[in-house]
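**Student:** Mind having a look at this structure? Questions to follow.
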Amino acid sequence: MKIQEADAKSLLLAQGLPVPAWDVARTAADARAAATRILADGNDKVVVKAQVLVGGRGKAGGVRLAGSADEAEAVAAAILALTIKGIPVRKVLVAPAADIAREYYLGAILDRASRRIVVMASAEGGVEIEEVARVRPEAIHRVAAHPHLGLLDWQARQLAFGIGLGGPFLRDFVSIARGLVATMVAYDADLVEVNPLAIVRESDGTGAATTERLVCLDAKITLDDSALPRHPELEALRDPDSEDPADAEARAMGIAFIHLDGSIGCMVNGAGLAMTTMDLVKRAGGEPANFLDIGGGARSDKVAAAMRLILADPKVRAILVNIFGGITRGDEVARGLIEARAVQERDVPMVVRIVGTNAEEAGRLLTEARFETAASLDEAAAKAVAAAAAVGS
Amino acid sequence: MKIQEADAKSLLLAQGLPVPAWDVARTAADARAAATRILADGNDKVVVKAQVLVGGRGKAGGVRLAGSADEAEAVAAAILALTIKGIPVRKVLVAPAADIAREYYLGAILDRASRRIVVMASAEGGVEIEEVARVRPEAIHRVAAHPHLGLLDWQARQLAFGIGLGGPFLRDFVSIARGLVATMVAYDADLVEVNPLAIVRESDGTGAATTERLVCLDAKITLDDSALPRHPELEALRDPDSEDPADAEARAMGIAFIHLDGSIGCMVNGAGLAMTTMDLVKRAGGEPANFLDIGGGARSDKVAAAMRLILADPKVRAILVNIFGGITRGDEVARGLIEARAVQERDVPMVVRIVGTNAEEAGRLLTEARFETAASLDEAAAKAVAAAAAVGS
Amino acid sequence: MSILVGRETRLVVQGITGREGEFHTRQMVEYGTPVVAGVTPNKGGQTAVDGRVPVFDTVAEAVAATGANTSCIYVPAAGAPDAVLEAVGAGIGTIFCITEGVPALDMLKVVEVVREAGARLIGPNCPGATSPGRAKVGIIPGSIHREGRVGVVSRSGTLTYEAVQAMTDAGLGQSTCVGIGGDPIIGTTFLDVLKLFAEDDETEAIVLIGEIGGSAEEEAAAWAADHLNGVPMAAFIAGRTAPEGKRMGHAGAIISGGSGTAADKIAALEAAGIRVADSPTELPTILRTAGFRG
Amino acid sequence: MSILVGRETRLVVQGITGREGEFHTRQMVEYGTPVVAGVTPNKGGQTAVDGRVPVFDTVAEAVAATGANTSCIYVPAAGAPDAVLEAVGAGIGTIFCITEGVPALDMLKVVEVVREAGARLIGPNCPGATSPGRAKVGIIPGSIHREGRVGVVSRSGTLTYEAVQAMTDAGLGQSTCVGIGGDPIIGTTFLDVLKLFAEDDETEAIVLIGEIGGSAEEEAAAWAADHLNGVPMAAFIAGRTAPEGKRMGHAGAIISGGSGTAADKIAALEAAGIRVADSPTELPTILRTAGFRG
């Protein structure tokens, strides 16, 4: 689960990391009020940032500076009117614009290949780290945290010296790097990223002296969905604006559902088989309308819910049901399909393929109820594409 | 550092372990007040327990029951008048007397040989575990906690089944056993012991129903002195009543000092050499008056302080100084001795042996100042014993 | 021979008295797997599957009483890491963790302990393994198998069944079919299983079923290029049509930063000389074309 | 040969710019120890000991630049566990931790990591080791040694010097003298050092200096009885007069529950055929009586 920058910053702050203050505003007027407070505190400028769970918001005009309350209001209004990569902006973060002396990248990720938490740092912060990784991989320094002891001080120091961040900032860097891993562990994150980690100049208020400080200027955290049950408080950070209402319904039912642009609705048990079904629909000349995994051992009510999710999409012209029964009993699915069709409002052609556990009983039920069936997945895909084409023509 | 039962219980409670409520009283009147409250809460009896840092307080009459406020006051007065193994009782713990259904032993210790935290459990609780270990070693079940992950659930379950504490108490036992190790880690203890861990019967208040519950009825914790600097809050748990005033002064100076019963004061650098010096004094027919280790690199002020500690004991009739200079510079020690003798009030014969770093300069200074010196430790011990005998005669 | 499970398997089922544990233990017993014990704390002394399997309080007791050498875990996610650690502590050499939904950071520590102990963990969130005609451990339906000489390894659940069924339908039996699980942190990787197949004298051809996300298929392909020359191989990768940046059902299927796509994986496999099927049904043909006569 | 330190030693000193680090590095250099590098974070690029030792920010850099294979740690207690772990991480094979006052539970984790990595830690709270005429690492005064064939191992600091001096005064030189440290949790035990001495062709007699507390002397005695038959050995145990239940200076010397007393240890050593001296000065005589002609 991805969470918003502002929420990620809250988690870092709770772990004791240095994050400059911020406000979150849902309206231009709230943004103006926040900016007024910040400017009254002696800051020259504020930054207004779109809170959306997609990358590239800077390029999309979602991050802008303002030097007055009027300007902050106008900028916030403009950003709140944006839709970035299909996601409407509903909130902005308002913060003092930092006086940045130097930017770095620091990130902790769960690395599958090494089965370690890997901490990466680069002196080339503030830009897309994937781009740095592609162009100048040697500019990224990595260490693998100890599986039991986490990131050790010496590892953090090694990163610091690697990116030229020794001297007066060494101690703070070590504490921030360890804090990233501690944050990861505390909340079961699979990614905690600070980009930029920045040396910022701060005046002492009188303007007489300027000090430099290492702070987390941006924050990105992705949480491990499997661990959410033991962090119930984090469920509140789920961003409802960033997902389809259908996704929320699916999640409540324990169904994995992703809405796509095609016309052939898919209902499958198992993620790998669901992707394979989509691939074969495409191969047969069709376009899948969704990814849908009803999971293992699904009963008829779940089948009915899955059917509602699929039919809620008006673009769906045919439905392909592909069930390989293991834990899942084919006859249960067949009954669910029969019940669902009895109450459904739209009549959409359906091709059903059920093999494995109790497949014979399923076949009998489906034939009796006059469902179109298929023996193989290839055949099912072809029939579904043909049915959709027939409806579409 | 050993801490009192009441403090040990506070630490267990802070880690979420089930410990029945208690009060601490320094006077019989306070004990009466505590007993009055406890009896008013519907308890039939209270237990009054001496708070001293030595074992065997039960046999010494330091643990007694009382059925009324009057009796509690009388019992507390009697216990507060006791001196147990040389330690006067200054505080008592007052608690509801538990209705014990069954007693167990549970302890976590730092085991040097295996270099693990070892958790031990026995169905024979409430008695001296050393006695159980001697007589029926098979009655003690042990597991070694994982060095990084601590005590695992399955290990705690294994102990529980080992001592016949499965069934309804399994979950609580697992949580208590893990809590013991967590307490150890949280406070850098080298021993955390609950004896007895008891199943107690508790009435629901109306007297209609009785439930059984697993609770920590006694608690013993020893802290790792090396780790105290990172737990400054635990320094407050040091029991000033249990130590010699001289010990406190020595600790403040960074000197390891233990007061003994003999007549020959010893000043040595290094614990092993200090014990050896004591052993050789004894072998030469004398009795050491103390163990004293001035540590490595001691300067003249520390030497002077060590001399004061030794001379504060009126039984001291001779002093043996034995320094093997490594980090410690012999000339520094010699200067300290000369300064100390200049201001000391009692004139006690002294034998000094200094070898190692700057021993020649030390020898020159000591000879000039007319100190009695010795070349070998054996010789020094013999001379000190002879000097003490001469004084004593 | 066969790998991971076989004639020498003596299975203990952890979580045997739960709904899943009971159901699948019955399936395993009926398949002929030597299920020698079950473990559920506080149910020691009972029996499961109509009195055919004794239940113990701890794995250590089960091992002591029955000589169990392999474990299959059905306990809920919150207890699964501890169940794996208990199996390791009791000296079990091969541990299948069927449980899904185990937090990845827990598995990080668990796989480290497994590694230190020299044990082998398959999963979590895996369907298990079957050596047809000998033993099946986990939840793969026994009916889809046929005895033979193709080794099948897969990250998926039902997609594995699909591939196995395709082999069986085409008359190609299997030596062992292994589902390694699709979670980010798993005990046994494609590469590990390929190494086992390479040393197994009954495995003469290999089918690898991957999916988008991670780089495990690429690593396996690189190793196969150097070490499995001459062994007929076929692969299938699910997720060609999956849009970038979306999670397809489980954490195994994330595309991050342009790597881990189906195209990348297919390219890596083809570069290693392993043909990639467009549909699972094509896998038998590829093996036969590669010279397999099984 | 010699053990732990010798001609092949290339030493890096961690905490070289501290007061203790600087002082003892000078002593080691003057003794002839090949001190190739020092490490103090943020002081990389400087030099120590009158420009004779280059200083690096990290141990990894020091190893890369100088080929250091042995480390000696003088950093304060709060940083000592991390210093050991850094040495392990940089591939150092032999690590001496001189620092005292390191919490025992920290060492529990550290010794586990050292073990996993296959490295060797001596200490903490140890005086180091000297192979006379070759190299000395730590804080043992160089002047007390003499080249020869007696291996000395001890839990104490200055008591070690006393014993070594006694040997030297009696004309018995040493192959290597090792102080293993008196803390409850240490990296290398008496037993470990005895095994090294047993394999060292230059060590022909062994002196063991123990003290009350723990059971390390008993374990060493039991092993020696089986494996060091014919090797002349002598021992000394400090603390015969120590009262029960009192800590004598450091955590190493606790008597708990009747075991770990001087009497127990002496009995165990004598039972293993090792004579125990009443004073360190008697050690040479015991060795000679046992047939040592060194």
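Here, A, B, ... name the chains of the structure tokens in the order displayed, residue numbers run from 1 inside each chain, and ligands are numbered from 1 in the same displayed order.
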Can you pull out every residue from region 168-292 of chain D that DSSP, working from the backbone, puts in strand (DSSP E or B), and format the result as a list of chain:residue names?
**Tutor:**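 DSSP-assigned strand (DSSP E or B) residues in region 168-292 of chain D: D:Gln174, D:Ser175, D:Thr176, D:Cys177, D:Val178, D:Gly179, D:Ala205, D:Ile206, D:Val207, D:Leu208, D:Ile209, D:Gly210, D:Glu211, D:Met233, D:Ala234, D:Ala235, D:Phe236, D:Ile237, D:Ala238, D:Ser256, D:Ser259, D:Arg275, D:Val276.
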**Student:** Please return, as a list of chain:residue names, all residues of chain A lying within 10 Å of chain D when only C-alpha atoms are considered.
**Tutor:** A:His146, A:His148, A:Leu149, A:Leu152, A:Asp153, A:Trp154, A:Gln155, A:Arg157, A:Gln158, A:Phe161, A:Leu165, A:Gly166, A:Gly167, A:Pro168, A:Leu170
**Student:** Where does DSSP see helix (DSSP H, G or I) in region 39-114 of chain C, if you list the residues as an NGL selection string?
**Tutor:** :C and (59-66 or 77-89 or 104-114)
**Student:** Please save N, CA, C and O atoms of the selected residues as a compact mmCIF listing (two decimals), in the first residue's frame.
**Tutor:**
```txt
# COMPACT_ATOMS: atom_id res chain seq x y z
N VAL C 59 6.84 -29.94 17.71
CA VAL C 59 7.48 -30.64 16.60
C VAL C 59 8.58 -31.56 17.14
O VAL C 59 8.78 -32.67 16.64
N ALA C 60 9.28 -31.07 18.18
CA ALA C 60 10.35 -31.90 18.75
C ALA C 60 9.82 -33.26 19.21
O ALA C 60 10.43 -34.30 18.94
N GLU C 61 8.66 -33.23 19.87
CA GLU C 61 8.06 -34.51 20.29
C GLU C 61 7.69 -35.37 19.09
O GLU C 61 7.90 -36.59 19.10
N ALA C 62 7.13 -34.72 18.07
CA ALA C 62 6.73 -35.47 16.87
C ALA C 62 7.93 -36.13 16.22
O ALA C 62 7.88 -37.29 15.82
N VAL C 63 9.05 -35.38 16.15
CA VAL C 63 10.26 -35.93 15.54
C VAL C 63 10.79 -37.09 16.38
O VAL C 63 11.15 -38.15 15.86
N ALA C 64 10.81 -36.88 17.70
CA ALA C 64 11.34 -37.92 18.58
C ALA C 64 10.50 -39.20 18.46
O ALA C 64 11.04 -40.31 18.45
N ALA C 65 9.18 -39.04 18.34
CA ALA C 65 8.31 -40.21 18.35
C ALA C 65 8.19 -40.88 16.99
O ALA C 65 7.92 -42.08 16.90
N THR C 66 8.37 -40.12 15.90
CA THR C 66 8.04 -40.67 14.58
C THR C 66 9.16 -40.60 13.56
O THR C 66 9.03 -41.13 12.46
N ALA C 77 -1.23 -17.01 9.35
CA ALA C 77 -0.08 -16.16 9.05
C ALA C 77 0.63 -15.67 10.31
O ALA C 77 1.86 -15.63 10.36
N ALA C 78 -0.13 -15.31 11.34
CA ALA C 78 0.50 -14.74 12.54
C ALA C 78 1.42 -15.76 13.21
O ALA C 78 2.41 -15.37 13.84
N GLY C 79 1.14 -17.04 13.06
CA GLY C 79 1.97 -18.06 13.71
C GLY C 79 2.92 -18.78 12.78
O GLY C 79 3.72 -19.61 13.23
N ALA C 80 2.86 -18.48 11.49
CA ALA C 80 3.64 -19.25 10.53
C ALA C 80 5.16 -19.07 10.70
O ALA C 80 5.90 -20.06 10.65
N PRO C 81 5.66 -17.83 10.92
CA PRO C 81 7.12 -17.72 11.10
C PRO C 81 7.59 -18.58 12.28
O PRO C 81 8.60 -19.29 12.16
N ASP C 82 6.88 -18.52 13.38
CA ASP C 82 7.28 -19.33 14.54
C ASP C 82 7.21 -20.82 14.21
O ASP C 82 8.05 -21.60 14.67
N ALA C 83 6.22 -21.21 13.42
CA ALA C 83 6.11 -22.63 13.04
C ALA C 83 7.33 -23.07 12.24
O ALA C 83 7.86 -24.16 12.46
N VAL C 84 7.78 -22.22 11.33
CA VAL C 84 8.98 -22.57 10.55
C VAL C 84 10.18 -22.69 11.51
O VAL C 84 10.94 -23.66 11.44
N LEU C 85 10.31 -21.72 12.41
CA LEU C 85 11.43 -21.74 13.34
C LEU C 85 11.37 -22.96 14.25
O LEU C 85 12.40 -23.55 14.59
N GLU C 86 10.17 -23.37 14.63
CA GLU C 86 10.04 -24.57 15.46
C GLU C 86 10.52 -25.80 14.69
O GLU C 86 11.22 -26.65 15.23
N ALA C 87 10.13 -25.87 13.42
CA ALA C 87 10.56 -27.00 12.60
C ALA C 87 12.08 -27.03 12.50
O ALA C 87 12.72 -28.08 12.65
N VAL C 88 12.69 -25.86 12.27
CA VAL C 88 14.14 -25.78 12.19
C VAL C 88 14.76 -26.24 13.52
O VAL C 88 15.69 -27.05 13.54
N GLY C 89 14.19 -25.74 14.60
CA GLY C 89 14.72 -26.07 15.93
C GLY C 89 14.62 -27.56 16.24
O GLY C 89 15.43 -28.10 17.00
N ALA C 104 6.65 -9.80 5.00
CA ALA C 104 7.95 -10.04 4.36
C ALA C 104 9.12 -9.87 5.32
O ALA C 104 10.09 -10.61 5.26
N LEU C 105 9.04 -8.88 6.22
CA LEU C 105 10.17 -8.66 7.13
C LEU C 105 10.32 -9.81 8.13
O LEU C 105 11.42 -10.08 8.61
N ASP C 106 9.22 -10.49 8.46
CA ASP C 106 9.33 -11.70 9.27
C ASP C 106 10.10 -12.76 8.51
O ASP C 106 10.98 -13.44 9.06
N MET C 107 9.78 -12.90 7.23
CA MET C 107 10.43 -13.94 6.44
C MET C 107 11.92 -13.67 6.26
O MET C 107 12.73 -14.59 6.19
N LEU C 108 12.28 -12.40 6.22
CA LEU C 108 13.69 -12.02 6.12
C LEU C 108 14.49 -12.68 7.24
O LEU C 108 15.57 -13.24 7.02
N LYS C 109 13.95 -12.60 8.44
CA LYS C 109 14.64 -13.18 9.60
C LYS C 109 14.55 -14.71 9.56
O LYS C 109 15.52 -15.41 9.87
N VAL C 110 13.39 -15.19 9.19
CA VAL C 110 13.19 -16.65 9.17
C VAL C 110 14.12 -17.31 8.16
O VAL C 110 14.78 -18.31 8.49
N VAL C 111 14.21 -16.76 6.96
CA VAL C 111 15.07 -17.43 5.96
C VAL C 111 16.53 -17.41 6.42
O VAL C 111 17.29 -18.32 6.11
N GLU C 112 16.89 -16.37 7.16
CA GLU C 112 18.27 -16.31 7.67
C GLU C 112 18.51 -17.45 8.68
O GLU C 112 19.54 -18.12 8.63
N VAL C 113 17.56 -17.66 9.57
CA VAL C 113 17.71 -18.74 10.56
C VAL C 113 17.72 -20.10 9.86
O VAL C 113 18.52 -20.98 10.20
N VAL C 114 16.88 -20.26 8.86
CA VAL C 114 16.84 -21.50 8.09
C VAL C 114 18.20 -21.75 7.43
O VAL C 114 18.75 -22.85 7.48
```
**Student:** Find the residues around region 32-38 of chain C up to 6 Å (only C-alpha atoms counted), leave out those fewer than 5 positions away in its own chain, and share them as number ranges by chain.
**Tutor:** C: 10-14, 16, 53-55, 135-136
**Student:** Limited to N, CA and C atoms, could you put the picked residues into a file as a PDB file, in the first residue's frame?
**Tutor:**
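Here's the written file out38.pdb:
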```
ATOM      1  N   ARG C  10       9.104 -38.404   5.476  1.00  0.00           N
ATOM      2  CA  ARG C  10       8.266 -38.737   6.636  1.00  0.00           C
ATOM      3  C   ARG C  10       7.718 -37.399   7.131  1.00  0.00           C
ATOM      4  N   LEU C  11       6.459 -37.185   6.856  1.00  0.00           N
ATOM      5  CA  LEU C  11       5.900 -35.837   6.989  1.00  0.00           C
ATOM      6  C   LEU C  11       5.223 -35.581   8.331  1.00  0.00           C
ATOM      7  N   VAL C  12       5.531 -34.399   8.909  1.00  0.00           N
ATOM      8  CA  VAL C  12       4.763 -33.895  10.039  1.00  0.00           C
ATOM      9  C   VAL C  12       3.995 -32.672   9.550  1.00  0.00           C
ATOM     10  N   VAL C  13       2.732 -32.585   9.895  1.00  0.00           N
ATOM     11  CA  VAL C  13       1.884 -31.470   9.470  1.00  0.00           C
ATOM     12  C   VAL C  13       1.684 -30.529  10.651  1.00  0.00           C
ATOM     13  N   GLN C  14       2.173 -29.295  10.519  1.00  0.00           N
ATOM     14  CA  GLN C  14       1.993 -28.312  11.593  1.00  0.00           C
ATOM     15  C   GLN C  14       0.701 -27.551  11.337  1.00  0.00           C
ATOM     16  N   ILE C  16      -2.258 -29.221  12.030  1.00  0.00           N
ATOM     17  CA  ILE C  16      -3.026 -30.327  11.435  1.00  0.00           C
ATOM     18  C   ILE C  16      -4.495 -30.299  11.833  1.00  0.00           C
ATOM     19  N   VAL C  53      -3.404 -40.346  12.073  1.00  0.00           N
ATOM     20  CA  VAL C  53      -2.202 -39.524  12.319  1.00  0.00           C
ATOM     21  C   VAL C  53      -2.184 -39.054  13.773  1.00  0.00           C
ATOM     22  N   PRO C  54      -1.122 -39.416  14.538  1.00  0.00           N
ATOM     23  CA  PRO C  54      -1.031 -38.946  15.928  1.00  0.00           C
ATOM     24  C   PRO C  54      -0.666 -37.460  15.979  1.00  0.00           C
ATOM     25  N   VAL C  55      -1.247 -36.763  16.956  1.00  0.00           N
ATOM     26  CA  VAL C  55      -1.003 -35.325  17.094  1.00  0.00           C
ATOM     27  C   VAL C  55      -0.143 -35.083  18.337  1.00  0.00           C
ATOM     28  N   ALA C 135       4.859 -39.190  -3.300  1.00  0.00           N
ATOM     29  CA  ALA C 135       4.324 -38.395  -2.207  1.00  0.00           C
ATOM     30  C   ALA C 135       3.957 -37.008  -2.713  1.00  0.00           C
ATOM     31  N   LYS C 136       2.945 -36.448  -2.118  1.00  0.00           N
ATOM     32  CA  LYS C 136       2.645 -35.047  -2.378  1.00  0.00           C
ATOM     33  C   LYS C 136       2.567 -34.339  -1.044  1.00  0.00           C
TER      34      LYS C 136
END
```
**Student:** Using only C-alpha atoms, which protein or nucleic acid residues come within 10 Å of region 216-229 of chain D? Drop anything in the same chain fewer than 3 positions from it, and give the result as an mmCIF file with N, CA and C atoms, in the first residue's frame.
**Tutor:**
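Final file, part.cif:
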```cif
data_model
loop_
_atom_site.group_PDB
_atom_site.id
_atom_site.type_symbol
_atom_site.label_atom_id
_atom_site.label_comp_id
_atom_site.auth_asym_id
_atom_site.auth_seq_id
_atom_site.Cartn_x
_atom_site.Cartn_y
_atom_site.Cartn_z
ATOM 1 N N ARG B 112 27.404 -17.906 30.456
ATOM 2 C CA ARG B 112 28.712 -17.643 29.865
ATOM 3 C C ARG B 112 29.173 -18.746 28.959
ATOM 4 N N ALA B 113 28.959 -19.984 29.400
ATOM 5 C CA ALA B 113 29.554 -21.114 28.681
ATOM 6 C C ALA B 113 28.961 -21.225 27.283
ATOM 7 N N ARG D 155 42.946 -15.028 31.806
ATOM 8 C CA ARG D 155 41.727 -14.213 31.816
ATOM 9 C C ARG D 155 41.982 -12.821 32.362
ATOM 10 N N THR D 189 37.805 -18.387 24.164
ATOM 11 C CA THR D 189 37.886 -18.949 25.515
ATOM 12 C C THR D 189 39.224 -19.654 25.731
ATOM 13 N N PHE D 190 39.465 -20.051 26.975
ATOM 14 C CA PHE D 190 40.629 -20.871 27.282
ATOM 15 C C PHE D 190 40.726 -22.046 26.326
ATOM 16 N N LEU D 191 39.607 -22.715 26.155
ATOM 17 C CA LEU D 191 39.569 -23.906 25.326
ATOM 18 C C LEU D 191 40.015 -23.599 23.901
ATOM 19 N N ASP D 192 39.479 -22.498 23.349
ATOM 20 C CA ASP D 192 39.864 -22.113 21.983
ATOM 21 C C ASP D 192 41.377 -21.914 21.883
ATOM 22 N N VAL D 193 41.949 -21.251 22.896
ATOM 23 C CA VAL D 193 43.386 -20.959 22.841
ATOM 24 C C VAL D 193 44.204 -22.242 23.024
ATOM 25 N N LEU D 194 43.730 -23.125 23.903
ATOM 26 C CA LEU D 194 44.446 -24.401 24.067
ATOM 27 C C LEU D 194 44.500 -25.150 22.737
ATOM 28 N N LYS D 195 43.382 -25.124 22.009
ATOM 29 C CA LYS D 195 43.360 -25.817 20.712
ATOM 30 C C LYS D 195 44.385 -25.210 19.759
ATOM 31 N N PHE D 197 47.140 -23.589 20.646
ATOM 32 C CA PHE D 197 48.468 -23.967 21.131
ATOM 33 C C PHE D 197 48.785 -25.415 20.745
ATOM 34 N N ALA D 198 47.784 -26.274 20.838
ATOM 35 C CA ALA D 198 48.007 -27.689 20.540
ATOM 36 C C ALA D 198 48.481 -27.879 19.104
ATOM 37 N N ALA D 205 55.001 -26.000 25.783
ATOM 38 C CA ALA D 205 54.487 -26.065 27.150
ATOM 39 C C ALA D 205 53.424 -24.982 27.276
ATOM 40 N N ILE D 206 52.521 -25.170 28.231
ATOM 41 C CA ILE D 206 51.399 -24.228 28.330
ATOM 42 C C ILE D 206 51.179 -23.814 29.778
ATOM 43 N N LEU D 208 48.326 -21.747 32.105
ATOM 44 C CA LEU D 208 46.951 -21.249 32.105
ATOM 45 C C LEU D 208 46.714 -20.480 33.403
ATOM 46 N N ILE D 209 46.304 -19.213 33.277
ATOM 47 C CA ILE D 209 46.067 -18.371 34.451
ATOM 48 C C ILE D 209 44.568 -18.089 34.534
ATOM 49 N N GLY D 210 43.911 -18.719 35.487
ATOM 50 C CA GLY D 210 42.468 -18.533 35.597
ATOM 51 C C GLY D 210 42.098 -17.754 36.830
ATOM 52 N N GLU D 211 40.789 -17.611 37.024
ATOM 53 C CA GLU D 211 40.326 -16.992 38.263
ATOM 54 C C GLU D 211 38.940 -17.520 38.565
ATOM 55 N N ILE D 212 38.439 -17.166 39.753
ATOM 56 C CA ILE D 212 37.139 -17.674 40.166
ATOM 57 C C ILE D 212 36.038 -17.167 39.238
ATOM 58 N N GLY D 213 34.904 -17.895 39.190
ATOM 59 C CA GLY D 213 33.757 -17.491 38.379
ATOM 60 C C GLY D 213 33.685 -18.279 37.088
ATOM 61 N N PRO D 232 53.826 -30.426 28.766
ATOM 62 C CA PRO D 232 53.979 -29.879 30.114
ATOM 63 C C PRO D 232 53.042 -28.683 30.309
ATOM 64 N N MET D 233 52.268 -28.730 31.403
ATOM 65 C CA MET D 233 51.321 -27.645 31.664
ATOM 66 C C MET D 233 51.377 -27.231 33.122
ATOM 67 N N ALA D 235 49.264 -24.264 35.925
ATOM 68 C CA ALA D 235 48.139 -23.336 36.015
ATOM 69 C C ALA D 235 48.220 -22.537 37.305
ATOM 70 N N ILE D 237 45.261 -20.209 39.719
ATOM 71 C CA ILE D 237 43.887 -19.724 39.834
ATOM 72 C C ILE D 237 43.842 -18.638 40.909
ATOM 73 N N GLY D 260 32.349 -22.762 40.326
ATOM 74 C CA GLY D 260 33.194 -21.656 39.916
ATOM 75 C C GLY D 260 34.120 -21.184 41.015
ATOM 76 N N ALA D 262 37.519 -21.312 43.467
ATOM 77 C CA ALA D 262 38.915 -21.655 43.205
ATOM 78 C C ALA D 262 39.140 -23.139 43.469
ATOM 79 N N ASP D 264 37.054 -25.679 43.233
ATOM 80 C CA ASP D 264 36.513 -26.483 42.128
ATOM 81 C C ASP D 264 37.471 -26.486 40.942
ATOM 82 N N LYS D 265 37.955 -25.297 40.628
ATOM 83 C CA LYS D 265 38.794 -25.170 39.433
ATOM 84 C C LYS D 265 40.120 -25.887 39.631
ATOM 85 N N ILE D 266 40.695 -25.718 40.813
ATOM 86 C CA ILE D 266 41.971 -26.368 41.091
ATOM 87 C C ILE D 266 41.802 -27.880 41.025
ATOM 88 N N ALA D 267 40.689 -28.370 41.592
ATOM 89 C CA ALA D 267 40.428 -29.807 41.561
ATOM 90 C C ALA D 267 40.303 -30.296 40.124
ATOM 91 N N ALA D 268 39.589 -29.539 39.295
ATOM 92 C CA ALA D 268 39.400 -29.947 37.903
ATOM 93 C C ALA D 268 40.728 -29.987 37.169
ATOM 94 N N LEU D 269 41.574 -28.988 37.412
ATOM 95 C CA LEU D 269 42.868 -28.935 36.730
ATOM 96 C C LEU D 269 43.776 -30.075 37.201
ATOM 97 N N GLU D 270 43.816 -30.281 38.502
ATOM 98 C CA GLU D 270 44.672 -31.353 39.027
ATOM 99 C C GLU D 270 44.188 -32.703 38.504
ATOM 100 N N ALA D 271 42.852 -32.850 38.438
ATOM 101 C CA ALA D 271 42.298 -34.112 37.927
ATOM 102 C C ALA D 271 42.714 -34.343 36.478
ATOM 103 N N ALA D 272 42.946 -33.255 35.767
ATOM 104 C CA ALA D 272 43.371 -33.378 34.368
ATOM 105 C C ALA D 272 44.883 -33.514 34.267
ATOM 106 N N GLY D 273 45.546 -33.617 35.411
ATOM 107 C CA GLY D 273 46.991 -33.790 35.392
ATOM 108 C C GLY D 273 47.761 -32.481 35.279
ATOM 109 N N ILE D 274 47.084 -31.376 35.511
ATOM 110 C CA ILE D 274 47.748 -30.078 35.407
ATOM 111 C C ILE D 274 48.023 -29.568 36.816
#
```
**Student:** Between CA of Ser10 (chain B) and CA of Ala160 (chain B), what is the spacing in Å?
**Tutor:**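 Separation between CA of Ala160 (chain B) and CA of Ser10 (chain B): 24.5 Å.
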**Student:** Can you work out the spacing between CA of Ile100 (chain A) and CA of Ile163 (chain A) in Å, to one decimal?
**Tutor:**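 Straight-line distance from CA of Ile100 (chain A) to CA of Ile163 (chain A) works out to 17.0 Å.
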**Student:** Write out as a PyMOL selection string each polymer residue whose atoms come within 6 Å of region 45-60 of chain B, counting only C-alpha atoms; drop sequence neighbours fewer than 6 positions from it.
**Tutor:** chain B and resi 66-67+91-97
**Student:** Counting only C-alpha atoms, what is within 10 Å of region 18-23 of chain C, bar same-chain residues fewer than 2 positions away, as a VMD selection string?
**Tutor:** (chain A and resid 297 327) or (chain C and resid 13 to 16 25 to 28 38 40 48 to 49 72 to 76 98 to 99 138 to 139)
**Student:** Grab the CA of Gly173 (chain C) to CA of Leu4 (chain C) distance for me, in Å with one decimal place.
**Tutor:** 17.2 Å
**Student:** Got a sec: who's within 12 Å of Arg238 (chain B), counting only C-alpha atoms, leaving out chain neighbours fewer than 2 positions off, as a PyMOL selection string?
**Tutor:** chain B and resi 1-4+7-8+52-53+221-223+225+228+232-236+240-243+248
**Student:** Restricting the calculation to only C-alpha atoms, which member of D:Asp50, D:Asp169, D:Glu202, D:Glu116 is positioned closest to chain C?
**Tutor:** D:Glu116
